[in-house]
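Visitor: Structure: input.cif, mmCIF, C-alpha atoms.
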```
data_my_file
#
loop_
_atom_site.label_atom_id
_atom_site.label_comp_id
_atom_site.auth_asym_id
_atom_site.auth_seq_id
_atom_site.Cartn_x
_atom_site.Cartn_y
_atom_site.Cartn_z
CA MET N 1087 17.73 -16.94 8.82
CA ALA N 1088 20.45 -14.28 8.54
CA SER N 1089 18.27 -12.04 6.35
CA SER N 1090 15.36 -12.50 8.77
CA MET N 1091 17.55 -11.46 11.71
CA VAL N 1092 18.80 -8.38 9.83
CA PHE N 1093 15.19 -7.44 9.05
CA LYS N 1094 14.19 -7.76 12.72
CA ILE N 1095 17.14 -5.64 13.84
CA ALA N 1096 16.22 -2.99 11.26
CA LEU N 1097 12.64 -2.88 12.49
CA ILE N 1098 13.72 -2.60 16.13
CA SER N 1099 16.02 0.27 15.16
CA CYS N 1100 13.16 2.03 13.37
CA LEU N 1101 10.91 1.70 16.41
CA ALA N 1102 13.59 2.99 18.73
CA VAL N 1103 14.31 5.99 16.53
CA ALA N 1104 10.64 6.86 16.11
CA THR N 1105 10.04 6.57 19.88
CA ALA N 1106 12.98 8.87 20.49
CA HIS N 1107 11.49 11.38 18.07
CA LYS N 1108 8.21 11.37 19.93
CA ARG N 1109 9.84 11.88 23.31
CA ALA N 1110 12.28 14.50 22.14
CA ALA N 1111 9.97 16.67 20.04
CA PRO N 1112 8.40 19.60 21.93
CA PRO N 1113 4.64 19.29 22.34
CA ALA N 1114 2.86 20.56 19.26
CA GLY N 1115 1.24 23.89 19.83
CA SER N 1116 3.32 24.65 22.94
CA SER N 1117 3.80 28.30 23.72
CA GLY N 1118 7.05 30.08 23.22
CA SER N 1119 8.52 33.24 21.83
CA THR N 1120 8.91 33.67 18.10
CA ASN N 1121 12.53 34.22 17.14
CA SER N 1122 13.86 36.01 14.12
CA THR N 1123 13.67 32.89 11.96
CA GLY N 1124 9.93 32.51 12.53
CA SER N 1125 10.16 29.39 14.68
CA THR N 1126 8.24 29.04 17.93
CA GLY N 1127 10.68 28.10 20.65
CA SER N 1128 13.96 26.70 19.39
CA ASN N 1129 12.91 23.80 17.18
CA ILE N 1130 9.20 24.19 16.28
CA PHE N 1131 8.54 25.76 12.91
CA ASP N 1132 4.89 26.80 12.75
CA VAL N 1133 3.69 27.44 9.18
CA THR N 1134 1.42 30.26 10.37
CA LYS N 1135 4.56 32.17 11.38
CA TYR N 1136 5.52 32.08 7.71
CA SER N 1137 2.21 33.60 6.52
CA ALA N 1138 0.27 30.36 6.01
CA SER N 1139 -3.36 30.78 7.03
CA THR N 1140 -6.78 29.21 6.69
CA SER N 1141 -7.83 32.12 4.46
CA ALA N 1142 -4.80 32.12 2.15
CA SER N 1143 -4.77 30.70 -1.36
CA ALA N 1144 -3.33 27.28 -2.18
CA SER N 1145 -0.27 28.81 -3.86
CA ALA N 1146 0.37 31.24 -0.99
CA ASN N 1147 0.18 28.42 1.55
CA SER N 1148 2.49 26.26 -0.56
CA LYS N 1149 5.07 29.02 -0.48
CA ALA N 1150 4.71 29.45 3.28
CA PHE N 1151 4.95 25.72 3.92
CA LEU N 1152 8.15 25.48 1.90
CA GLU N 1153 9.69 28.46 3.69
CA ALA N 1154 8.91 26.90 7.07
CA PHE N 1155 10.35 23.59 5.95
CA LYS N 1156 13.49 25.21 4.57
CA ALA N 1157 14.09 26.84 7.93
CA ALA N 1158 13.45 23.60 9.80
CA CYS N 1159 15.69 21.65 7.46
CA THR N 1160 18.71 23.79 8.33
CA VAL N 1161 18.45 23.02 12.07
CA LYS N 1162 20.92 20.45 13.35
CA GLY N 1163 18.77 19.39 16.30
CA ARG N 1164 15.28 17.82 16.24
CA PRO N 1165 13.07 20.26 14.29
CA THR N 1166 9.30 20.00 14.16
CA PHE N 1167 7.37 21.33 11.17
CA LEU N 1168 3.97 22.29 12.59
CA VAL N 1169 0.62 22.79 10.86
CA PRO N 1170 -1.83 23.90 13.57
CA LYS N 1171 -5.50 22.95 13.56
CA GLY N 1172 -7.59 24.54 10.83
CA THR N 1173 -8.27 24.00 7.13
CA TYR N 1174 -5.55 25.06 4.70
CA GLN N 1175 -5.80 25.16 0.92
CA LEU N 1176 -2.52 23.75 -0.36
CA GLY N 1177 -0.94 23.44 -3.79
CA PRO N 1178 1.77 20.90 -4.64
CA VAL N 1179 4.75 20.85 -2.26
CA THR N 1180 7.94 18.80 -2.11
CA PHE N 1181 9.78 18.56 1.19
CA GLY N 1182 13.20 17.69 -0.19
CA GLY N 1183 16.19 16.61 1.85
CA PRO N 1184 18.60 15.74 3.06
CA CYS N 1185 18.33 18.08 6.05
CA GLN N 1186 21.03 19.23 8.45
CA GLY N 1187 19.47 17.54 11.46
CA THR N 1188 19.40 13.83 12.16
CA HIS N 1189 15.65 13.73 11.69
CA ILE N 1190 12.55 15.90 11.31
CA THR N 1191 8.97 15.62 12.58
CA PHE N 1192 6.00 16.78 10.50
CA GLU N 1193 3.22 17.52 12.98
CA ILE N 1194 0.11 17.89 10.84
CA GLN N 1195 -2.80 18.82 13.10
CA GLY N 1196 -4.91 20.64 10.51
CA THR N 1197 -6.69 19.64 7.32
CA LEU N 1198 -4.80 20.12 4.06
CA VAL N 1199 -7.03 20.52 0.98
CA ALA N 1200 -5.72 19.97 -2.54
CA PRO N 1201 -6.89 21.98 -5.56
CA PRO N 1202 -9.79 20.11 -7.19
CA ASP N 1203 -8.44 20.67 -10.72
CA VAL N 1204 -5.88 17.99 -11.60
CA LYS N 1205 -4.09 20.51 -13.85
CA SER N 1206 -3.15 22.49 -10.73
CA ILE N 1207 -0.81 19.65 -9.73
CA PRO N 1208 1.43 19.06 -12.77
CA GLY N 1209 3.83 16.65 -11.07
CA ASN N 1210 3.47 13.07 -9.86
CA ALA N 1211 2.50 13.95 -6.30
CA TRP N 1212 0.58 16.54 -4.34
CA VAL N 1213 2.63 16.28 -1.10
CA GLU N 1214 6.03 14.64 -1.50
CA PHE N 1215 8.74 13.77 1.02
CA ASP N 1216 12.02 13.26 -0.80
CA SER N 1217 15.40 12.00 0.46
CA LEU N 1218 14.64 12.50 4.14
CA HIS N 1219 16.34 10.49 6.85
CA GLU N 1220 14.55 9.53 10.08
CA MET N 1221 11.36 11.47 9.37
CA VAL N 1222 8.11 11.31 11.35
CA LEU N 1223 4.70 12.25 9.94
CA GLN N 1224 1.96 12.44 12.55
CA GLY N 1225 -0.48 14.76 14.30
CA GLY N 1226 -4.03 13.57 13.62
CA GLY N 1227 -4.44 15.76 10.55
CA VAL N 1228 -6.23 15.12 7.26
CA PHE N 1229 -4.98 15.13 3.66
CA ASP N 1230 -8.01 15.82 1.45
CA GLY N 1231 -7.11 15.13 -2.18
CA GLN N 1232 -10.44 16.40 -3.59
CA GLY N 1233 -10.28 13.79 -6.32
CA GLN N 1234 -13.98 13.50 -7.14
CA SER N 1235 -13.75 15.26 -10.51
CA THR N 1236 -10.72 13.20 -11.60
CA TRP N 1237 -11.98 9.68 -10.94
CA PRO N 1238 -13.76 9.31 -14.30
CA LEU N 1239 -10.62 10.45 -16.17
CA PRO N 1240 -7.87 8.12 -17.50
CA SER N 1241 -5.35 7.12 -14.83
CA HIS N 1242 -2.29 8.76 -16.41
CA ASN N 1243 -1.13 12.19 -15.21
CA LYS N 1244 -2.96 12.00 -11.91
CA PRO N 1245 -1.03 12.93 -8.75
CA ILE N 1246 -0.49 10.69 -5.74
CA SER N 1247 -1.69 12.39 -2.56
CA ILE N 1248 1.30 11.52 -0.33
CA ARG N 1249 4.53 10.12 -1.74
CA LEU N 1250 7.76 9.09 -0.03
CA MET N 1251 10.75 9.01 -2.35
CA LYS N 1252 14.12 7.67 -1.18
CA CYS N 1253 13.25 8.18 2.48
CA VAL N 1254 15.22 6.05 4.95
CA ILE N 1255 13.95 5.14 8.42
CA GLY N 1256 10.80 6.83 9.60
CA ARG N 1257 7.29 6.52 10.91
CA ILE N 1258 3.90 7.66 9.61
CA SER N 1259 1.04 7.48 12.10
CA ASN N 1260 -2.28 8.97 13.11
CA ILE N 1261 -3.23 10.79 9.93
CA THR N 1262 -6.15 10.46 7.49
CA SER N 1263 -6.08 10.52 3.71
CA LYS N 1264 -9.37 11.01 1.90
CA ASN N 1265 -10.57 11.26 -1.70
CA SER N 1266 -7.19 11.10 -3.42
CA LYS N 1267 -6.99 11.78 -7.14
CA PHE N 1268 -4.80 8.70 -7.67
CA PHE N 1269 -3.01 6.58 -5.04
CA HIS N 1270 -3.49 7.81 -1.49
CA MET N 1271 0.06 6.99 -0.46
CA SER N 1272 3.09 5.64 -2.30
CA LEU N 1273 6.52 4.51 -1.13
CA HIS N 1274 9.28 4.33 -3.76
CA HIS N 1275 12.90 3.44 -3.01
CA ALA N 1276 12.11 3.79 0.69
CA GLU N 1277 13.66 1.75 3.48
CA GLY N 1278 12.85 1.12 7.11
CA ILE N 1279 9.45 2.86 7.19
CA ILE N 1280 6.72 2.01 9.72
CA ILE N 1281 3.16 3.06 8.86
CA GLU N 1282 0.48 2.57 11.48
CA ASN N 1283 -2.84 3.83 12.82
CA LEU N 1284 -3.95 5.45 9.55
CA LYS N 1285 -7.37 5.92 8.05
CA ILE N 1286 -7.67 5.96 4.26
CA VAL N 1287 -11.06 6.55 2.70
CA ALA N 1288 -12.63 7.08 -0.72
CA PRO N 1289 -15.87 5.72 -2.23
CA GLY N 1290 -16.00 2.41 -4.05
CA HIS N 1291 -16.30 4.04 -7.48
CA SER N 1292 -13.06 6.06 -7.09
CA LYS N 1293 -10.93 4.35 -9.70
CA ASN N 1294 -7.17 3.85 -9.12
CA THR N 1295 -7.26 5.18 -5.57
CA ASP N 1296 -5.03 2.47 -4.09
CA GLY N 1297 -4.65 2.90 -0.34
CA ILE N 1298 -0.90 2.30 -0.03
CA HIS N 1299 1.34 1.32 -2.96
CA ILE N 1300 4.89 0.12 -2.33
CA SER N 1301 7.56 -0.31 -4.99
CA GLY N 1302 11.33 -0.63 -4.98
CA SER N 1303 11.35 -0.54 -1.18
CA SER N 1304 12.49 -2.75 1.69
CA ASN N 1305 11.93 -3.29 5.41
CA ILE N 1306 8.44 -1.78 5.47
CA THR N 1307 5.82 -2.42 8.18
CA LEU N 1308 2.14 -1.58 7.80
CA ASN N 1309 0.10 -2.02 10.96
CA ASN N 1310 -3.43 -1.25 12.12
CA ILE N 1311 -4.66 0.65 9.07
CA ASP N 1312 -8.33 1.12 8.13
CA ILE N 1313 -8.78 1.37 4.35
CA SER N 1314 -11.93 1.76 2.26
CA THR N 1315 -11.27 2.81 -1.30
CA GLY N 1316 -11.98 2.16 -4.96
CA ASP N 1317 -8.93 0.03 -5.73
CA ASP N 1318 -6.39 -2.16 -3.95
CA CYS N 1319 -6.24 -1.44 -0.25
CA ILE N 1320 -2.56 -2.43 -0.34
CA SER N 1321 -0.57 -3.04 -3.52
CA ILE N 1322 3.01 -4.28 -3.48
CA GLY N 1323 4.91 -3.66 -6.68
CA PRO N 1324 8.23 -4.67 -8.27
CA GLY N 1325 11.50 -4.46 -6.37
CA THR N 1326 9.89 -4.72 -2.93
CA ASN N 1327 11.35 -6.92 -0.20
CA ASN N 1328 10.79 -7.61 3.49
CA VAL N 1329 7.30 -6.25 4.09
CA ILE N 1330 4.96 -6.99 7.00
CA VAL N 1331 1.27 -6.13 6.62
CA ALA N 1332 -0.65 -6.69 9.87
CA GLY N 1333 -4.00 -5.67 11.28
CA VAL N 1334 -5.31 -4.04 8.09
CA LYS N 1335 -9.07 -3.60 7.74
CA CYS N 1336 -9.91 -3.46 4.04
CA GLY N 1337 -13.27 -2.79 2.44
CA PRO N 1338 -14.74 -1.81 0.23
CA GLY N 1339 -11.93 -2.06 -2.27
CA HIS N 1340 -10.08 -4.59 -4.39
CA GLY N 1341 -8.32 -6.44 -1.59
CA LEU N 1342 -4.67 -6.97 -0.66
CA SER N 1343 -2.47 -7.47 -3.72
CA ILE N 1344 1.02 -8.44 -4.74
CA GLY N 1345 1.29 -6.72 -8.11
CA SER N 1346 0.50 -6.15 -10.68
CA LEU N 1347 3.86 -7.50 -11.83
CA GLY N 1348 5.48 -7.78 -15.23
CA LYS N 1349 3.92 -4.85 -17.03
CA TYR N 1350 7.34 -3.37 -17.86
CA LYS N 1351 10.75 -4.74 -18.83
CA GLY N 1352 13.50 -4.87 -16.23
CA GLU N 1353 11.26 -5.15 -13.17
CA GLU N 1354 13.05 -6.32 -10.03
CA ASP N 1355 11.96 -9.31 -7.95
CA VAL N 1356 9.51 -9.24 -5.04
CA GLY N 1357 10.17 -11.33 -1.95
CA ASN N 1358 9.62 -11.93 1.75
CA ILE N 1359 6.11 -10.54 2.07
CA HIS N 1360 4.07 -11.46 5.16
CA VAL N 1361 0.38 -10.52 5.40
CA LYS N 1362 -1.34 -11.47 8.64
CA ASN N 1363 -4.28 -10.75 10.95
CA CYS N 1364 -6.23 -8.76 8.36
CA THR N 1365 -9.97 -8.38 7.74
CA LEU N 1366 -11.58 -7.90 4.32
CA THR N 1367 -15.23 -6.92 3.89
CA GLY N 1368 -17.10 -6.56 0.60
CA THR N 1369 -13.97 -6.49 -1.55
CA THR N 1370 -13.82 -7.53 -5.22
CA ASN N 1371 -10.81 -9.75 -4.46
CA GLY N 1372 -9.33 -11.15 -1.31
CA VAL N 1373 -5.60 -11.88 -1.02
CA ARG N 1374 -4.18 -11.78 -4.51
CA ILE N 1375 -1.06 -12.13 -6.66
CA LYS N 1376 -1.40 -10.74 -10.19
CA THR N 1377 0.95 -10.69 -13.18
CA TRP N 1378 0.42 -9.51 -16.74
CA PRO N 1379 0.30 -11.82 -19.79
CA GLY N 1380 3.57 -11.74 -21.70
CA ALA N 1381 5.41 -10.43 -18.64
CA PRO N 1382 9.22 -10.63 -18.96
CA PRO N 1383 11.17 -12.83 -16.52
CA SER N 1384 11.24 -11.96 -12.82
CA GLU N 1385 10.33 -13.65 -9.55
CA ALA N 1386 7.96 -13.28 -6.61
CA PHE N 1387 8.80 -15.60 -3.74
CA ASN N 1388 8.38 -16.33 -0.04
CA ILE N 1389 4.91 -14.80 0.25
CA THR N 1390 2.61 -15.65 3.15
CA PHE N 1391 -1.03 -14.76 3.73
CA GLU N 1392 -2.27 -15.98 7.10
CA ASP N 1393 -5.05 -15.41 9.62
CA VAL N 1394 -7.21 -13.41 7.22
CA THR N 1395 -10.97 -13.12 7.70
CA MET N 1396 -13.21 -12.55 4.66
CA THR N 1397 -16.82 -11.33 4.73
CA ASN N 1398 -18.80 -11.13 1.47
CA VAL N 1399 -15.63 -11.22 -0.65
CA SER N 1400 -15.20 -12.15 -4.32
CA TYR N 1401 -12.38 -14.60 -5.09
CA PRO N 1402 -11.04 -14.74 -1.51
CA ILE N 1403 -7.82 -16.50 -2.62
CA ILE N 1404 -6.50 -15.71 -6.07
CA ILE N 1405 -3.38 -16.04 -8.19
CA ASP N 1406 -4.00 -14.52 -11.61
CA GLN N 1407 -1.17 -14.69 -14.15
CA LYS N 1408 -3.44 -13.52 -16.95
CA TYR N 1409 -4.27 -10.22 -15.30
CA CYS N 1410 -5.80 -7.96 -17.93
CA PRO N 1411 -7.89 -5.11 -16.52
CA ASN N 1412 -10.27 -3.39 -18.91
CA GLY N 1413 -8.84 -5.28 -21.91
CA GLU N 1414 -5.53 -3.39 -21.69
CA CYS N 1415 -3.35 -6.39 -22.63
CA THR N 1416 -1.22 -6.11 -25.75
CA THR N 1417 -0.41 -9.84 -25.83
CA HIS N 1418 -1.81 -13.15 -24.71
CA ALA N 1419 1.59 -14.80 -24.37
CA PRO N 1420 2.24 -16.57 -21.04
CA SER N 1421 3.63 -14.58 -18.15
CA LEU N 1422 7.28 -15.30 -17.36
CA VAL N 1423 7.04 -14.09 -13.77
CA LYS N 1424 7.99 -17.09 -11.65
CA LEU N 1425 5.90 -17.48 -8.49
CA ARG N 1426 7.26 -19.79 -5.79
CA ASP N 1427 7.07 -20.55 -2.07
CA ILE N 1428 3.60 -19.12 -1.49
CA ARG N 1429 1.48 -20.00 1.53
CA PHE N 1430 -2.19 -19.34 2.27
CA SER N 1431 -2.90 -20.29 5.89
CA ARG N 1432 -5.97 -19.97 8.09
CA ILE N 1433 -8.07 -18.07 5.58
CA ARG N 1434 -11.72 -18.06 6.67
CA GLY N 1435 -15.03 -16.38 5.88
CA THR N 1436 -17.60 -16.09 3.09
CA SER N 1437 -17.29 -15.94 -0.70
CA ASN N 1438 -19.88 -14.26 -2.93
CA THR N 1439 -18.44 -15.92 -6.07
CA PRO N 1440 -18.77 -19.61 -7.04
CA VAL N 1441 -14.97 -19.86 -7.36
CA ALA N 1442 -13.53 -19.09 -3.94
CA VAL N 1443 -9.99 -20.31 -4.57
CA LYS N 1444 -8.49 -19.53 -7.96
CA LEU N 1445 -4.88 -20.45 -8.68
CA ALA N 1446 -4.35 -19.64 -12.36
CA CYS N 1447 -0.63 -19.78 -13.04
CA SER N 1448 1.50 -19.39 -16.15
CA ASP N 1449 1.76 -22.03 -18.88
CA LYS N 1450 5.50 -21.36 -19.18
CA GLU N 1451 6.36 -20.79 -15.50
CA PRO N 1452 4.00 -22.90 -13.36
CA CYS N 1453 3.69 -21.80 -9.74
CA GLN N 1454 5.95 -23.82 -7.44
CA ASN N 1455 5.49 -24.84 -3.81
CA VAL N 1456 2.08 -23.28 -3.23
CA LYS N 1457 0.59 -24.40 0.10
CA LEU N 1458 -3.00 -24.22 1.30
CA GLN N 1459 -3.33 -24.75 5.05
CA ASP N 1460 -6.58 -24.65 7.03
CA ILE N 1461 -8.79 -22.95 4.46
CA SER N 1462 -12.33 -22.51 5.79
CA LEU N 1463 -14.47 -20.62 3.30
CA LYS N 1464 -18.25 -20.85 2.96
CA PRO N 1465 -20.68 -19.58 0.33
CA LEU N 1466 -22.48 -16.34 1.02
CA THR N 1467 -25.89 -17.95 0.70
CA SER N 1468 -27.58 -14.79 -0.51
CA ALA N 1469 -25.22 -14.79 -3.53
CA VAL N 1470 -24.16 -18.37 -4.32
CA ASP N 1471 -25.31 -21.88 -3.38
CA GLU N 1472 -21.90 -23.52 -3.32
CA ILE N 1473 -18.23 -22.73 -3.86
CA SER N 1474 -15.31 -24.50 -5.52
CA SER N 1475 -11.61 -24.26 -6.32
CA PHE N 1476 -9.91 -23.76 -9.67
CA CYS N 1477 -6.26 -24.56 -10.41
CA THR N 1478 -4.13 -24.56 -13.51
CA ASN N 1479 -0.33 -24.88 -13.88
CA VAL N 1480 0.29 -24.93 -10.15
CA HIS N 1481 2.29 -27.35 -8.01
CA GLY N 1482 1.85 -27.52 -4.26
CA ALA N 1483 0.20 -29.23 -1.32
CA VAL N 1484 -2.63 -28.90 1.17
CA SER N 1485 -2.98 -29.60 4.89
CA GLY N 1486 -5.63 -29.24 7.56
CA ILE N 1487 -9.21 -28.15 6.89
CA GLN N 1488 -10.00 -27.54 3.22
CA ASN N 1489 -13.26 -25.89 2.26
CA PRO N 1490 -13.92 -25.70 -0.64
CA ASP N 1491 -12.44 -29.00 -1.81
CA PRO N 1492 -8.86 -28.29 -2.89
CA CYS N 1493 -7.53 -28.57 -6.41
CA LEU N 1494 -3.96 -29.04 -5.17
CA GLY N 1495 -2.15 -32.14 -3.97
CA PRO N 1496 -2.13 -35.80 -5.03
CA HIS N 1497 -5.84 -36.32 -4.33
CA PRO N 1498 -7.76 -33.16 -5.24
CA GLY N 1499 -11.46 -33.04 -4.58
CA ASN N 1500 -14.26 -32.30 -7.01
CA SER N 1501 -12.89 -28.91 -8.02
CA SER N 1502 -10.97 -28.29 -11.24
CA ASN N 1503 -7.77 -30.35 -11.41
CA SER N 1504 -4.41 -28.66 -10.84
CA ASP N 1505 -3.00 -29.93 -14.15
CA SER N 1506 -5.97 -28.86 -16.25
CA SER N 1507 -5.67 -25.85 -18.52
CA SER N 1508 -8.90 -26.45 -20.40
CA ALA N 1509 -11.34 -25.62 -17.63
CA PRO N 1510 -12.86 -22.16 -17.82
CA SER N 1511 -10.97 -19.61 -15.77
CA PRO N 1512 -13.38 -17.09 -14.25
CA ALA N 1513 -11.80 -13.67 -14.02
CA PRO N 1514 -12.48 -10.73 -11.74
CA THR N 1515 -13.81 -7.64 -13.44
CA ASP N 1516 -11.85 -5.05 -11.45
CA ASP N 1517 -8.43 -3.59 -12.11
#
```
Let me see the structure of the file written as structure tokens.
Guide:
Amino acid sequence: MASSMVFKIALISCLAVATAHKRAAPPAGSSGSTNSTGSTGSNIFDVTKYSASTSASASANSKAFLEAFKAACTVKGRPTFLVPKGTYQLGPVTFGGPCQGTHITFEIQGTLVAPPDVKSIPGNAWVEFDSLHEMVLQGGGVFDGQGQSTWPLPSHNKPISIRLMKCVIGRISNITSKNSKFFHMSLHHAEGIIIENLKIVAPGHSKNTDGIHISGSSNITLNNIDISTGDDCISIGPGTNNVIVAGVKCGPGHGLSIGSLGKYKGEEDVGNIHVKNCTLTGTTNGVRIKTWPGAPPSEAFNITFEDVTMTNVSYPIIIDQKYCPNGECTTHAPSLVKLRDIRFSRIRGTSNTPVAVKLACSDKEPCQNVKLQDISLKPLTSAVDEISSFCTNVHGAVSGIQNPDPCLGPHPGNSSNSDSSSAPSPAPTDD
């Protein structure tokens, strides 16, 4: 209860700060004289005043953007970094703090276009925000990662389009990310970030283009985000705590995922994740928890998926502790990631796979306290005639409506029994 109250207070503080930013920042594009530092007015730093232009090269615009940011970062008030409307070629940039002011607003009204060649972005991210406090990213602009030529390539050494590193308290809203080379957006060691009213888009064949990936972060809220991509719409990685995901529209893509977990030694636990009021359409998985075989010990706990609507979804409810995409596993030993206190509630819609509920837990660390409440799934009749449940190494209970017949509880239906490890375990084909 105490941790929940602290989380609520932190979120209220984030909202208050972000609202103050919006009220205090001068209107983007407002007129004013240009002073000797190149800013318009006192606190607006327009990149075009630093030689950025729609006709300049990506490297020239990168230099101009960084000069404008450097000037804004030295202001002790409420600076606004402004990219006016237009299309700007942009090479890799890192907006590194901390800044002198209490916070900074990035008003991106234009379209930023990345170099198509992955070799032009040697680092881990195309646009990075590092060690900023109370930042706002907004403006209705577009981040175009131009990732088409990179999607067939191996996933290593591809840049994330937008990455937040060690940023504390902030808001990202009203922007679009399209065709990223790798993840569209990533949060790492971030805290108190609200992300809302975003559009993230890439075609279904764009491999490894996760919509939003979160790792090592806490007190994060994702709200009202429209994602269609070639990988997980949302993926929550190790070391992440206190996350709310609400009002996400996902599809096509690989669904909403906790994990993958346990790929590396020393991973931190994941806990207090609440996914609610989301819609998934045509995804290769629904709501999912995935851990690698042979994963070293860690925990994922207090995870809730509720009020989720599925349309034409494969494996609408899935726990997979033998996650092995593309045959990448180096061992078949049981996962040692302990999953506990997991609830699936009011999950409804249609499954295009015969197994609609798959709870495949570890031989060594069976899932504990898994609850299925009011599950109402039906077969997509154009794809399958009937649906069933599959359980192995999982302990839990059911309540309310259960369709398909549950494989949990003291009296499971005709689906595979919760104590059986010999039944075939159908596996998704995506990564």
Visitor: At what distance in Å, to one decimal, does CA of Gly1345 (chain N) lie from CA of Ala1469 (chain N)?
Guide: 28.1 Å
Visitor: Select, from N:Pro1440, N:Pro1245, N:Pro1289, N:Gly1183, the residue with the minimum atom-to-atom distance to Met1271 (chain N), counting only C-alpha atoms.
Guide: N:Pro1245
Visitor: How far is it from CA of Phe1269 (chain N) to CA of Ile1248 (chain N), in Å with one decimal?
Guide: 8.1 Å
Visitor: So which one's closest to Val1480 (chain N), N:Lys1424, N:Lys1252, N:His1275, N:Arg1432? Using all atoms listed in the file, please.
Guide: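 Ranked by minimum distance to Val1480 (chain N), first place goes to N:Lys1424.
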Visitor: Give me the residues within 6 Å of Thr1326 (chain N) as a list of chain:residue names, counting only C-alpha atoms and dropping any in the same chain fewer than 6 places off.
Guide: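 So the residues in contact are N:Ser1301, N:Gly1302, N:Ser1303, N:Ser1304, N:Val1356.
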Visitor: Enumerate, as a list in words, the residues matched when the PyMOL selection byres ((chain N and resi 1278) around 6) is run on the file above.
Guide: Val1254, Ile1255, Glu1277, Ile1279, Asn1305 and Ile1306 of chain N
Visitor: If you keep C-alpha atoms, can you produce a file of those selected residues as a PDB file, keeping the file's coordinate frame?
Guide:
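out_6.pdb written:
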```pdb
ATOM      1  CA  VAL N1254      15.220   6.050   4.950  1.00  0.00           C
ATOM      2  CA  ILE N1255      13.950   5.140   8.420  1.00  0.00           C
ATOM      3  CA  GLU N1277      13.660   1.750   3.480  1.00  0.00           C
ATOM      4  CA  ILE N1279       9.450   2.860   7.190  1.00  0.00           C
ATOM      5  CA  ASN N1305      11.930  -3.290   5.410  1.00  0.00           C
ATOM      6  CA  ILE N1306       8.440  -1.780   5.470  1.00  0.00           C
TER       7      ILE N1306
END
```
